[in-house]
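Asks: Below: one structure in structure tokens.
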Amino acid sequence: MPEQDQKKKFDLSLFGRVLQLAVPYKKVAISAVLLAILLVPLAIARPFIVQNIVDDYILVGDVDGMTFMAAVLCGIIVLEALCRYTFIYSSNWLGQSIIRDFRVRVFRYINSLKLSYFDKTPIGASTTRAISDIQSINSIFTEGVLTIMADLLSIIGILGVMIYTSWKLTLIVLTTMPFLMLASYIFKEAVKKSFQRVRTQIQKMNAFLQERITGMRIVQIFNAEQHEREKFAEINKEYRGANVDAILYYAIFFPVVEIIAAASLALMVWWGAQDVAREGGVTLGALIAFPIYIQMLFRPIRVLADKFNTLQMGLVAAERVFAVLDRTDVIENNGSFAPETIEGRVSFKNVWFAYVAKEWILKDISFDLKVGETLAIVGSTGSGKTTITNVINRFYEFQKGSIEVDGTDIREYDLYALRSKMAMVLQDVFLFTGTVLDNITLRDPSISREQVIEASKLIGAHEFIDRLPGSYDYDVQERGATLSMGQRQLISFVRALVFDPDILILDEATSSVDPETEGVIQHAIEKLMDRRTSIVIAHRLSTIRNADNIMVLEKGEIQELGPHEELVELEGGRYRELYEMQFLEAVE
Ligand SMILES: Nc1ncnc2c1ncn2[C@@H]1O[C@H](COP(=O)(O)OP(=O)(O)OP(=O)(O)O)[C@@H](O)[C@H]1O
């Protein structure tokens, strides 16, 4: 990426796209531009009036005129201060408003991407896009476009006044310009390279910390702390090096600019002092105003190189964010069938599915589930059990065959209507930081606290939730780390129950819990499946035996399908083998 960044030239169409983000705030944006334009004459007016006061009032002894001009000068200074305050405030307000909108838009878009995107994209990449890259876009507006424009305008304005006052003095001042241009260019390129290194190291540091903290158990149990510390120190060393380089360039560049500015001033004074004495030479007022002009000319030039870098870095970040927004693998929602209620019949008809083209994971899967029936899926690891549950709710789109709910192809349903009829309980329970209540309702305001308590009582989770400090308002820490596995499972059951689905998809946890909790969970599962069409990736003997049908899946194909009593009788059958090997053993 850094290599690519360096080669990147200024991309106009990308720049146009970034500017379009300001369209909803065009009034503020236009006001900021107008203020930037207005600030130029106001700033230049100060030395110009000083020059005027010296030449036209002091030298001729016009005290009244001088007092009046001094009052005008004060007025201009106050006006300039007000305009500058409004300019700084409005340009920053603009930048912040734009990135607030943009962040929400990017998050909404990320939400709409197909799950396959997340399979391939590291979490860190998505968070970097949504947080730090968008932050850099802010600087395009605050430090970039508007201030660069304001600086360029003041350079042009000051040069204009300088030429108007004395073109000869201006030419003398400008003799040092080529040195300044050269120094700015060298500085700009050098700093850009260091900042790209800094950014690469920040990304590395983020990814490193995120992974190590998430996997802290592994780091600690395998005594890997020492190596990890060394690796982290190495990244930090590189980070420091890159930052120190950048600071070094600043430390060299700024004094160099001062020297060049001083040389300009010296040349100007040397020549100007001689010219004042000459007939028709520069006026004394001009000689007094020129040092201020020089100062005003060099100040923006000094910071321009830096601001161009900021602008370019902002554009690189914008390009990366737009690349996410330009992704076409969004969830398709072309169906419109949205019935108020459904019965919950499910049927798979010759369904074929592959995550990667032609590598079939589900092969010709067909089965029918009547309303309220339970299908238990069993099979060895990697046989495609989870995949079946992934295609019913359209996390992934199947390629051949059809899946019907109540006799209608699931692709004809409005996706949100379809999903609202289904609930999914995953083996690996995911809890969000927030209260237990929020974790159950997922902030759906239509679900009341009473409903949640009622569902918890039914599931058998109320007792333990009530014992938590704060009960339903107990703050769940990072992914529920302070709750036990069984407790997390119970919360996820309550979550599924309050959404009252017609079709339940359940991936039973394989982890063993103590007999007492086992009893509670078994009871909860029964309550959850009660009168609901359920598809369960089953691991508990009780769930499997109680299911209306059992599907034995091997390498994506149905090997056996039928009720327990039937399959267990099959001589040499896979289910019978599994049953004898795993379940009878467990019972004994
Ligand atoms: N997101 C994915 N992208 C690509 N391949 C995948 C993806 N998820 C699963 N697979 C592959 O699909 C196959 C079936 O996986 P699946 O998760 O459905 O198996 P499973 O029967 O549920 O296994 P387990 O009992 O271990 O959970 C596996 O070979 C797996 O590597």
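Chain lettering (A, B, ...) mirrors the order of the structure tokens, residue numbering begins at 1 for each chain separately, and ligand numbering begins at 1 in order of display.
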What are the closest atom pairs, with distances in Å to one decimal, for each residue of chain A lying within 7 Å of ligand 1, using only C-alpha atoms and all ligand atoms, rows by chain and rising residue number, as a Markdown table?
Replies:
| residue | atom | partner | partner_atom_place_in_ligand_line | distance |
| --- | --- | --- | --- | --- |
| A:Ser116 | CA | ligand 1 | 1 (N) | 6.2 |
| A:Asp119 | CA | ligand 1 | 1 (N) | 5.6 |
| A:Tyr355 | CA | ligand 1 | 4 (C) | 4.8 |
| A:Val356 | CA | ligand 1 | 4 (C) | 6.3 |
| A:Ile361 | CA | ligand 1 | 12 (O) | 5.6 |
| A:Gly379 | CA | ligand 1 | 21 (O) | 6.4 |
| A:Ser380 | CA | ligand 1 | 25 (O) | 6.0 |
| A:Thr381 | CA | ligand 1 | 26 (O) | 3.7 |
| A:Gly382 | CA | ligand 1 | 19 (O) | 3.4 |
| A:Ser383 | CA | ligand 1 | 21 (O) | 3.9 |
| A:Gly384 | CA | ligand 1 | 18 (O) | 3.1 |
| A:Lys385 | CA | ligand 1 | 21 (O) | 3.8 |
| A:Thr386 | CA | ligand 1 | 22 (O) | 3.7 |
| A:Thr387 | CA | ligand 1 | 18 (O) | 3.7 |
| A:Ile388 | CA | ligand 1 | 18 (O) | 6.7 |
Asks: Can you pull out the residues contacting Ser402 (chain A)? Cut-off 7 Å, using only C-alpha atoms, and skip same-chain residues under 3 positions away; I want them as a PyMOL selection string.
Replies: chain A and resi 348-351+409
Asks: Just the alpha helix (DSSP H) stuff from region 462-544 of chain A, please, per backbone DSSP, written as a count of residues only.
Replies: 39
Asks: How close does each residue of region 400-448 of chain A get to region 328-339 of chain A, giving the shortest atom pair and distance in Å to one decimal for every residue with an atom at most 10 Å away, counting only C-alpha atoms, sorted by chain and residue number, as a Markdown table?
Replies:
| residue | atom | partner | partner_atom | distance |
| --- | --- | --- | --- | --- |
| A:Thr408 | CA | A:Phe337 | CA | 8.9 |
| A:Asp409 | CA | A:Gly335 | CA | 9.5 |
| A:Ile410 | CA | A:Gly335 | CA | 8.3 |
| A:Arg411 | CA | A:Gly335 | CA | 5.8 |
| A:Glu412 | CA | A:Gly335 | CA | 4.1 |
| A:Tyr413 | CA | A:Phe337 | CA | 4.3 |
| A:Asp414 | CA | A:Ser336 | CA | 4.5 |
| A:Leu415 | CA | A:Asn333 | CA | 5.6 |
| A:Tyr416 | CA | A:Asn333 | CA | 8.4 |
| A:Ala417 | CA | A:Ala338 | CA | 5.3 |
| A:Leu418 | CA | A:Ala338 | CA | 7.3 |
| A:Ser420 | CA | A:Ala338 | CA | 9.9 |
| A:Lys421 | CA | A:Pro339 | CA | 9.9 |
Asks: May I have the residues within 10 Å of region 272-276 of chain A as a PDB file with C-alpha atoms, in the first residue's frame, using only C-alpha atoms and disregarding those fewer than 4 positions away in the same chain?
Replies:
ATOM      1  CA  SER A 166       6.755  48.693  -5.962  1.00  0.00           C
ATOM      2  CA  LYS A 168      11.142  46.586  -8.282  1.00  0.00           C
ATOM      3  CA  LEU A 169      11.094  45.744  -4.575  1.00  0.00           C
ATOM      4  CA  ILE A 172      14.046  41.691  -5.403  1.00  0.00           C
ATOM      5  CA  LEU A 265      14.184  40.923   3.730  1.00  0.00           C
ATOM      6  CA  ALA A 266      17.860  41.828   3.779  1.00  0.00           C
ATOM      7  CA  LEU A 267      17.973  42.221  -0.004  1.00  0.00           C
ATOM      8  CA  MET A 268      14.834  44.287   0.078  1.00  0.00           C
ATOM      9  CA  GLY A 280      10.700  58.588  -7.825  1.00  0.00           C
ATOM     10  CA  GLY A 281      11.979  55.703  -5.713  1.00  0.00           C
ATOM     11  CA  VAL A 282       9.967  53.723  -3.174  1.00  0.00           C
ATOM     12  CA  THR A 283       8.241  55.646  -0.423  1.00  0.00           C
ATOM     13  CA  LEU A 284       9.171  55.360   3.235  1.00  0.00           C
ATOM     14  CA  GLY A 285       5.715  53.878   3.945  1.00  0.00           C
ATOM     15  CA  ALA A 286       6.351  51.133   1.388  1.00  0.00           C
ATOM     16  CA  LEU A 287       9.684  50.373   3.016  1.00  0.00           C
ATOM     17  CA  PHE A 290       7.241  45.563   2.847  1.00  0.00           C
TER      18      PHE A 290
END
Asks: Compile the contact shell of Arg531 (chain A) as a list in words: residues with an atom at most 12 Å away, counting only C-alpha atoms, same-chain residues fewer than 4 positions apart removed.
Replies: Glu343, Gly344, Lys370, Val371, Gly372, Glu373, Thr374, Asp500, Pro501, Asp502, Ile503, Leu504, Ile525, Glu526 and Lys527 of chain A
Asks: Counting only C-alpha atoms, which residue out of A:Ala32, A:Met177, A:Leu506, A:Val494 sits closest to Thr389 (chain A)?
Replies: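 Of A:Ala32, A:Met177, A:Leu506, A:Val494, the one nearest Thr389 (chain A) is A:Leu506, counting only C-alpha atoms.
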